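A.B. asks: Quick one: the structure is below, and I'll ask about it shortly.
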Amino acid sequence: MSVILAIESSCDETSVAICDNGKITANVIANQTIHENYGGVIPELASRVHQQNIVPAVQQALAIAGVDKKQLNGVAFTQGPGLLGSLLVGVSFAKSFALALNLPLISINHMQAHILAHFIDQPMPSFPFLCLTVSGGHTQIVLVKDYFEMEIVGETLDDAAGEAFDKTAKILNLPYPGGPLIDKHAREGNPNAYQFPEPQIPGLNFSFSGFKTAILYFVRDRQKENPAFVAENLADICASVQHSIVNILLNKLKKAAKQYHCKQIAIAGGVSANSGLRNALLSLQDTLGWQVFIPKFEYCTDNAAMIAIAGYHKFLQGDFVGQEVAPMARMNF
Ligand code: KG4
Ligand code: ZN
């Protein structure tokens, strides 16, 4: 028997999930809307809101799963990477909760959990597979050899793909977080309306900082000629930017698939919710003979279900941590 309660608090979502013998029976996500007023996540505010949200979220998750806390067998939590003040709330709560109920503690790496979200529902990939993990803070191509044996074979040297979306949105005066809004406007636009240069980075690494600057200058120059340029061409700009980001990501993924002779390809993280990326990947399924794994929308952006499924697999391996465990803003695999 294994009923695992999992806590995710690495950024601005307080999430609590229950995994009952490998099946997710609750996944409560309390969003923090306060950051919209500031155009980005304010770490101190995020930490404070986590403190307010965490106890109600735990109670709600237990109620939805129909589980009493005495029936739990383990407590999983995100140890890192993430915002230190945010992580601290989840880690402290998990430690006290486990201590009070005499339960084993299971530490989870947030980036590994994004990938392990593929083991929540069928169809599941088999090892080894390649996963493109694209979120607000990370852009990685990971060779997944086993549940907790992963190798980063390519990553961004500066900004993450999610940042490229969010910073473009900021340039276009769209509210935070801009990624989903660019996706929405892109649906109405022409992806070939404008061309942006593809960064020339060797190997499997990425760079998005020059790309962001190119968009900034492009918008500034066009606005000099026509101050209403953005408003009049928003859909075409969004579609073209999205198309370029997706191309940059998929060109490297194709290279990695060739290099590692891998045909099982997955995507994970917040940006994997992007419809342009999802559709482009699906079309490669036929042209390159890939077997593609795309998470359900609710498991793309931050959630505790992915922490719970990762926790379940660590529970099966008896991989626990002690009360001395501390949050880590930066954390390697
Ligand atoms: O994984 P996530 O929820 O949090 C981190 O661990 O960073 O990823 C958040 C990122 C943000 O940059 C957000 O704009 C982006 O994912 N995102 C999207 C979409 N949905 C979320 N980007 C593009 N299109 C989307 N539909
Ligand atoms: Zn994340």
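Each chain in the structure tokens gets a letter, A, B and so on, in the order shown; residues start at 1 in every chain, and ligands are counted from 1 in the order they appear.
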Could I get the residue neighbourhood of ligand 2 at 9 Å, counting only C-alpha atoms and all ligand atoms, as a ChimeraX atom specification?

C.D. replies: /A:10-11,82,110-111,113-114,134-138,268-270,300-303

A.B. asks: For those residues, write all heavy atoms to a file as a compact mmCIF listing (two decimals), in the first residue's frame.

C.D. replies:
# COMPACT_ATOMS: atom_id res chain seq x y z
N SER A 10 7.39 25.57 -5.71
CA SER A 10 8.69 26.11 -6.16
C SER A 10 8.60 27.52 -6.72
O SER A 10 9.57 28.25 -6.72
CB SER A 10 9.31 25.19 -7.20
OG SER A 10 8.52 25.16 -8.35
N CYS A 11 7.41 27.92 -7.20
CA CYS A 11 7.31 29.26 -7.79
C CYS A 11 6.05 29.96 -7.27
O CYS A 11 5.97 30.29 -6.10
CB CYS A 11 7.34 29.14 -9.31
SG CYS A 11 7.52 30.72 -10.13
N GLY A 82 14.06 26.32 -7.59
CA GLY A 82 12.94 27.25 -7.52
C GLY A 82 13.31 28.46 -6.68
O GLY A 82 14.48 28.68 -6.35
N HIS A 110 12.20 19.24 -8.98
CA HIS A 110 11.09 19.78 -9.78
C HIS A 110 11.22 19.47 -11.27
O HIS A 110 10.25 19.12 -11.94
CB HIS A 110 11.03 21.29 -9.54
CG HIS A 110 9.95 22.02 -10.27
ND1 HIS A 110 8.70 22.18 -9.77
CD2 HIS A 110 9.95 22.61 -11.49
CE1 HIS A 110 7.97 22.87 -10.63
NE2 HIS A 110 8.70 23.13 -11.70
N MET A 111 12.44 19.57 -11.81
CA MET A 111 12.64 19.35 -13.25
C MET A 111 12.49 17.88 -13.62
O MET A 111 11.97 17.54 -14.68
CB MET A 111 14.00 19.90 -13.70
CG MET A 111 14.19 21.39 -13.50
SD MET A 111 12.79 22.38 -14.08
CE MET A 111 12.85 22.08 -15.84
N ALA A 113 10.52 15.92 -11.98
CA ALA A 113 9.09 15.67 -11.83
C ALA A 113 8.32 16.08 -13.09
O ALA A 113 7.39 15.38 -13.51
CB ALA A 113 8.56 16.42 -10.61
N HIS A 114 8.72 17.21 -13.71
CA HIS A 114 8.05 17.61 -14.97
C HIS A 114 8.12 16.44 -15.97
O HIS A 114 7.15 16.13 -16.65
CB HIS A 114 8.74 18.84 -15.58
CG HIS A 114 8.13 20.15 -15.14
ND1 HIS A 114 6.80 20.46 -15.33
CD2 HIS A 114 8.67 21.23 -14.54
CE1 HIS A 114 6.56 21.67 -14.87
NE2 HIS A 114 7.68 22.17 -14.37
N VAL A 134 10.72 22.37 -21.13
CA VAL A 134 10.70 23.81 -21.42
C VAL A 134 9.77 24.52 -20.44
O VAL A 134 8.56 24.31 -20.45
CB VAL A 134 10.24 24.07 -22.88
CG1 VAL A 134 11.42 24.12 -23.82
CG2 VAL A 134 9.24 23.04 -23.39
N SER A 135 10.35 25.35 -19.57
CA SER A 135 9.53 26.03 -18.57
C SER A 135 9.96 27.48 -18.47
O SER A 135 10.70 27.99 -19.32
CB SER A 135 9.67 25.31 -17.23
OG SER A 135 10.95 25.54 -16.70
N GLY A 136 9.49 28.15 -17.40
CA GLY A 136 9.82 29.56 -17.21
C GLY A 136 11.28 29.77 -16.84
O GLY A 136 11.85 30.83 -17.09
N GLY A 137 11.90 28.76 -16.25
CA GLY A 137 13.28 28.92 -15.79
C GLY A 137 14.27 28.00 -16.49
O GLY A 137 15.47 28.15 -16.33
N HIS A 138 13.78 27.01 -17.22
CA HIS A 138 14.68 26.00 -17.80
C HIS A 138 14.33 25.67 -19.25
O HIS A 138 13.15 25.73 -19.63
CB HIS A 138 14.61 24.70 -16.99
CG HIS A 138 15.16 24.83 -15.61
ND1 HIS A 138 14.43 25.38 -14.59
CD2 HIS A 138 16.37 24.51 -15.09
CE1 HIS A 138 15.17 25.39 -13.50
NE2 HIS A 138 16.34 24.87 -13.76
N ALA A 268 7.87 18.41 -21.88
CA ALA A 268 7.39 18.62 -20.51
C ALA A 268 7.61 20.07 -20.11
O ALA A 268 8.35 20.80 -20.78
CB ALA A 268 8.13 17.69 -19.55
N GLY A 269 6.96 20.50 -19.03
CA GLY A 269 7.12 21.87 -18.52
C GLY A 269 6.06 22.80 -19.09
O GLY A 269 5.34 22.45 -20.03
N GLY A 270 5.99 23.99 -18.51
CA GLY A 270 4.92 24.94 -18.84
C GLY A 270 4.76 25.22 -20.33
O GLY A 270 3.65 25.27 -20.85
N CYS A 300 1.24 20.08 -17.55
CA CYS A 300 2.33 20.82 -18.20
C CYS A 300 2.88 21.86 -17.25
O CYS A 300 4.06 21.86 -16.92
CB CYS A 300 1.82 21.52 -19.46
SG CYS A 300 1.43 20.40 -20.80
N THR A 301 2.02 22.78 -16.81
CA THR A 301 2.48 23.83 -15.89
C THR A 301 2.59 23.23 -14.48
O THR A 301 2.21 22.09 -14.25
CB THR A 301 1.50 25.03 -15.92
OG1 THR A 301 0.18 24.53 -15.87
CG2 THR A 301 1.67 25.85 -17.18
N ASP A 302 3.11 24.03 -13.55
CA ASP A 302 3.45 23.49 -12.23
C ASP A 302 2.24 22.87 -11.53
O ASP A 302 1.17 23.48 -11.46
CB ASP A 302 4.08 24.60 -11.37
CG ASP A 302 5.46 24.95 -11.88
OD1 ASP A 302 5.98 24.20 -12.72
OD2 ASP A 302 6.00 25.98 -11.43
N ASN A 303 2.46 21.68 -10.99
CA ASN A 303 1.39 20.94 -10.32
C ASN A 303 2.02 19.93 -9.38
O ASN A 303 3.18 19.54 -9.58
CB ASN A 303 0.53 20.22 -11.38
CG ASN A 303 1.32 19.15 -12.09
OD1 ASN A 303 1.39 18.01 -11.64
ND2 ASN A 303 1.99 19.49 -13.21

A.B. asks: Compile a residue-level contact table for range 36-80 of chain A against range 100-104 of chain A at a cut-off of 8 Å, reporting for every qualifying residue the shortest atom pair and its distance in Å to one decimal, with only C-alpha atoms counted, rows ordered by chain and ascending number, as a Markdown table.

C.D. replies:
| residue | atom | partner | partner_atom | distance |
| --- | --- | --- | --- | --- |
| A:Lys70 | CA | A:Leu101 | CA | 7.3 |
| A:Leu72 | CA | A:Leu103 | CA | 7.7 |
| A:Asn73 | CA | A:Leu103 | CA | 6.2 |
| A:Gly74 | CA | A:Pro104 | CA | 5.0 |
| A:Val75 | CA | A:Pro104 | CA | 6.4 |

A.B. asks: From the set A:Ala273, A:Val55, A:Met150, A:Cys131, which residue has the shortest atom-to-atom contact distance to ligand 1, counting only C-alpha atoms and all ligand atoms?

C.D. replies: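 Nearest to ligand 1: A:Ala273.
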
A.B. asks: Return as a ChimeraX atom specification the full set of residues in range 16-141 of chain A whose backbone-based DSSP assignment is strand (DSSP E).

C.D. replies: /A:16-20,23-31,74-80,105-109,129-134,139-141

A.B. asks: What's around Ile64 in chain A at 9 Å? Count only C-alpha atoms, leave out sequence neighbours fewer than 4 positions away in its own chain, and write the answer as a ChimeraX atom specification.

C.D. replies: /A:25-28,59-60

A.B. asks: Those residues you just picked out, can you put them in a file as a tab-separated table (two decimals), in the first residue's frame with all heavy atoms?

C.D. replies:
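The resulting file, selection27.tsv, is reproduced below:
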chain	number	residue	atom	x	y	z
A	25	THR	N	-5.29	10.79	-7.31
A	25	THR	CA	-6.70	10.89	-6.89
A	25	THR	C	-7.07	12.32	-6.49
A	25	THR	O	-8.24	12.60	-6.24
A	25	THR	CB	-6.99	9.92	-5.73
A	25	THR	OG1	-5.99	10.11	-4.73
A	25	THR	CG2	-6.95	8.47	-6.20
A	26	ALA	N	-6.09	13.21	-6.38
A	26	ALA	CA	-6.38	14.64	-6.14
A	26	ALA	C	-5.19	15.44	-6.64
A	26	ALA	O	-4.05	15.00	-6.55
A	26	ALA	CB	-6.60	14.90	-4.66
A	27	ASN	N	-5.48	16.62	-7.20
A	27	ASN	CA	-4.41	17.53	-7.67
A	27	ASN	C	-4.95	18.96	-7.54
A	27	ASN	O	-5.54	19.49	-8.46
A	27	ASN	CB	-4.05	17.19	-9.12
A	27	ASN	CG	-2.91	18.05	-9.65
A	27	ASN	OD1	-2.01	18.44	-8.91
A	27	ASN	ND2	-2.95	18.37	-10.93
A	28	VAL	N	-4.77	19.53	-6.35
A	28	VAL	CA	-5.30	20.87	-6.07
A	28	VAL	C	-4.24	21.90	-6.42
A	28	VAL	O	-3.08	21.77	-6.01
A	28	VAL	CB	-5.66	20.99	-4.56
A	28	VAL	CG1	-6.06	22.40	-4.20
A	28	VAL	CG2	-6.76	20.00	-4.20
A	59	GLN	N	-5.88	20.24	3.04
A	59	GLN	CA	-7.20	19.75	3.47
A	59	GLN	C	-8.08	19.40	2.29
A	59	GLN	O	-8.76	18.38	2.26
A	59	GLN	CB	-7.88	20.79	4.37
A	59	GLN	CG	-7.26	20.81	5.76
A	59	GLN	CD	-7.67	22.02	6.58
A	59	GLN	OE1	-8.11	23.04	6.02
A	59	GLN	NE2	-7.52	21.92	7.89
A	60	GLN	N	-8.04	20.27	1.28
A	60	GLN	CA	-8.87	20.05	0.10
A	60	GLN	C	-8.43	18.79	-0.66
A	60	GLN	O	-9.28	18.00	-1.09
A	60	GLN	CB	-8.75	21.27	-0.82
A	60	GLN	CG	-9.96	21.46	-1.70
A	60	GLN	CD	-9.75	22.64	-2.66
A	60	GLN	OE1	-8.94	23.54	-2.38
A	60	GLN	NE2	-10.45	22.63	-3.77

A.B. asks: May I ask for the distance between CA of Phe119 in chain A and atom 17 (N, counted along the ligand's line) of ligand 1, given in Å to one decimal place?

C.D. replies: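 Atom-to-atom, CA of Phe119 in chain A to atom 17 (N, counted along the ligand's line) of ligand 1, that is 21.1 Å.
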
A.B. asks: Among the residues of range 159-253 of chain A, find those DSSP assigns to helix (DSSP H, G or I) from the backbone and print them as a PyMOL selection string.

C.D. replies: chain A and resi 161-171+179-186+209-225+229-253

A.B. asks: Can you tell me which residues surround range 243-247 of chain A at a distance of at most 8 Å, considering only C-alpha atoms, apart from same-chain residues fewer than 5 positions away, and format the answer as a VMD selection string?

C.D. replies: chain A and resid 161 164 191 to 192 195 to 196 198 276 to 277 280

A.B. asks: Within 12 Å of range 258-261 of chain A, counting only C-alpha atoms, which residues show up once you throw out same-chain ones fewer than 2 positions away? Write them as a PyMOL selection string, please.

C.D. replies: chain A and resi 128-131+141-145+151+153-154+203-204+251-256+263-265+288-290

A.B. asks: Keeping C-alpha atoms for every residue in the selection just given, could you write it to a file as an mmCIF file, in the first residue's frame?

C.D. replies:
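To be explicit, this is the file written out as again-v8.cif:
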data_model
loop_
_atom_site.group_PDB
_atom_site.id
_atom_site.type_symbol
_atom_site.label_atom_id
_atom_site.label_comp_id
_atom_site.auth_asym_id
_atom_site.auth_seq_id
_atom_site.Cartn_x
_atom_site.Cartn_y
_atom_site.Cartn_z
ATOM 1 C CA PRO A 128 15.443 5.391 -22.695
ATOM 2 C CA PHE A 129 13.629 8.373 -24.204
ATOM 3 C CA LEU A 130 14.429 12.015 -24.913
ATOM 4 C CA CYS A 131 12.499 14.793 -23.216
ATOM 5 C CA ILE A 141 17.032 18.239 -23.611
ATOM 6 C CA VAL A 142 17.215 15.288 -21.249
ATOM 7 C CA LEU A 143 18.144 11.686 -21.992
ATOM 8 C CA VAL A 144 15.902 9.754 -19.588
ATOM 9 C CA LYS A 145 17.494 6.383 -18.854
ATOM 10 C CA GLU A 151 21.336 13.149 -18.285
ATOM 11 C CA VAL A 153 22.441 16.601 -23.092
ATOM 12 C CA GLY A 154 21.573 20.184 -24.045
ATOM 13 C CA GLY A 203 25.738 21.317 -30.339
ATOM 14 C CA LEU A 204 22.509 20.775 -28.460
ATOM 15 C CA ASN A 251 15.649 21.790 -34.644
ATOM 16 C CA LYS A 252 17.751 20.949 -31.581
ATOM 17 C CA LEU A 253 15.416 18.135 -30.591
ATOM 18 C CA LYS A 254 15.761 16.599 -34.081
ATOM 19 C CA LYS A 255 19.539 16.839 -33.767
ATOM 20 C CA ALA A 256 19.447 15.146 -30.336
ATOM 21 C CA LYS A 263 12.593 7.724 -31.579
ATOM 22 C CA GLN A 264 10.618 8.111 -28.357
ATOM 23 C CA ILE A 265 10.329 11.851 -27.833
ATOM 24 C CA LEU A 288 10.311 11.252 -38.735
ATOM 25 C CA GLY A 289 8.633 8.103 -37.429
ATOM 26 C CA TRP A 290 8.804 9.384 -33.855
#
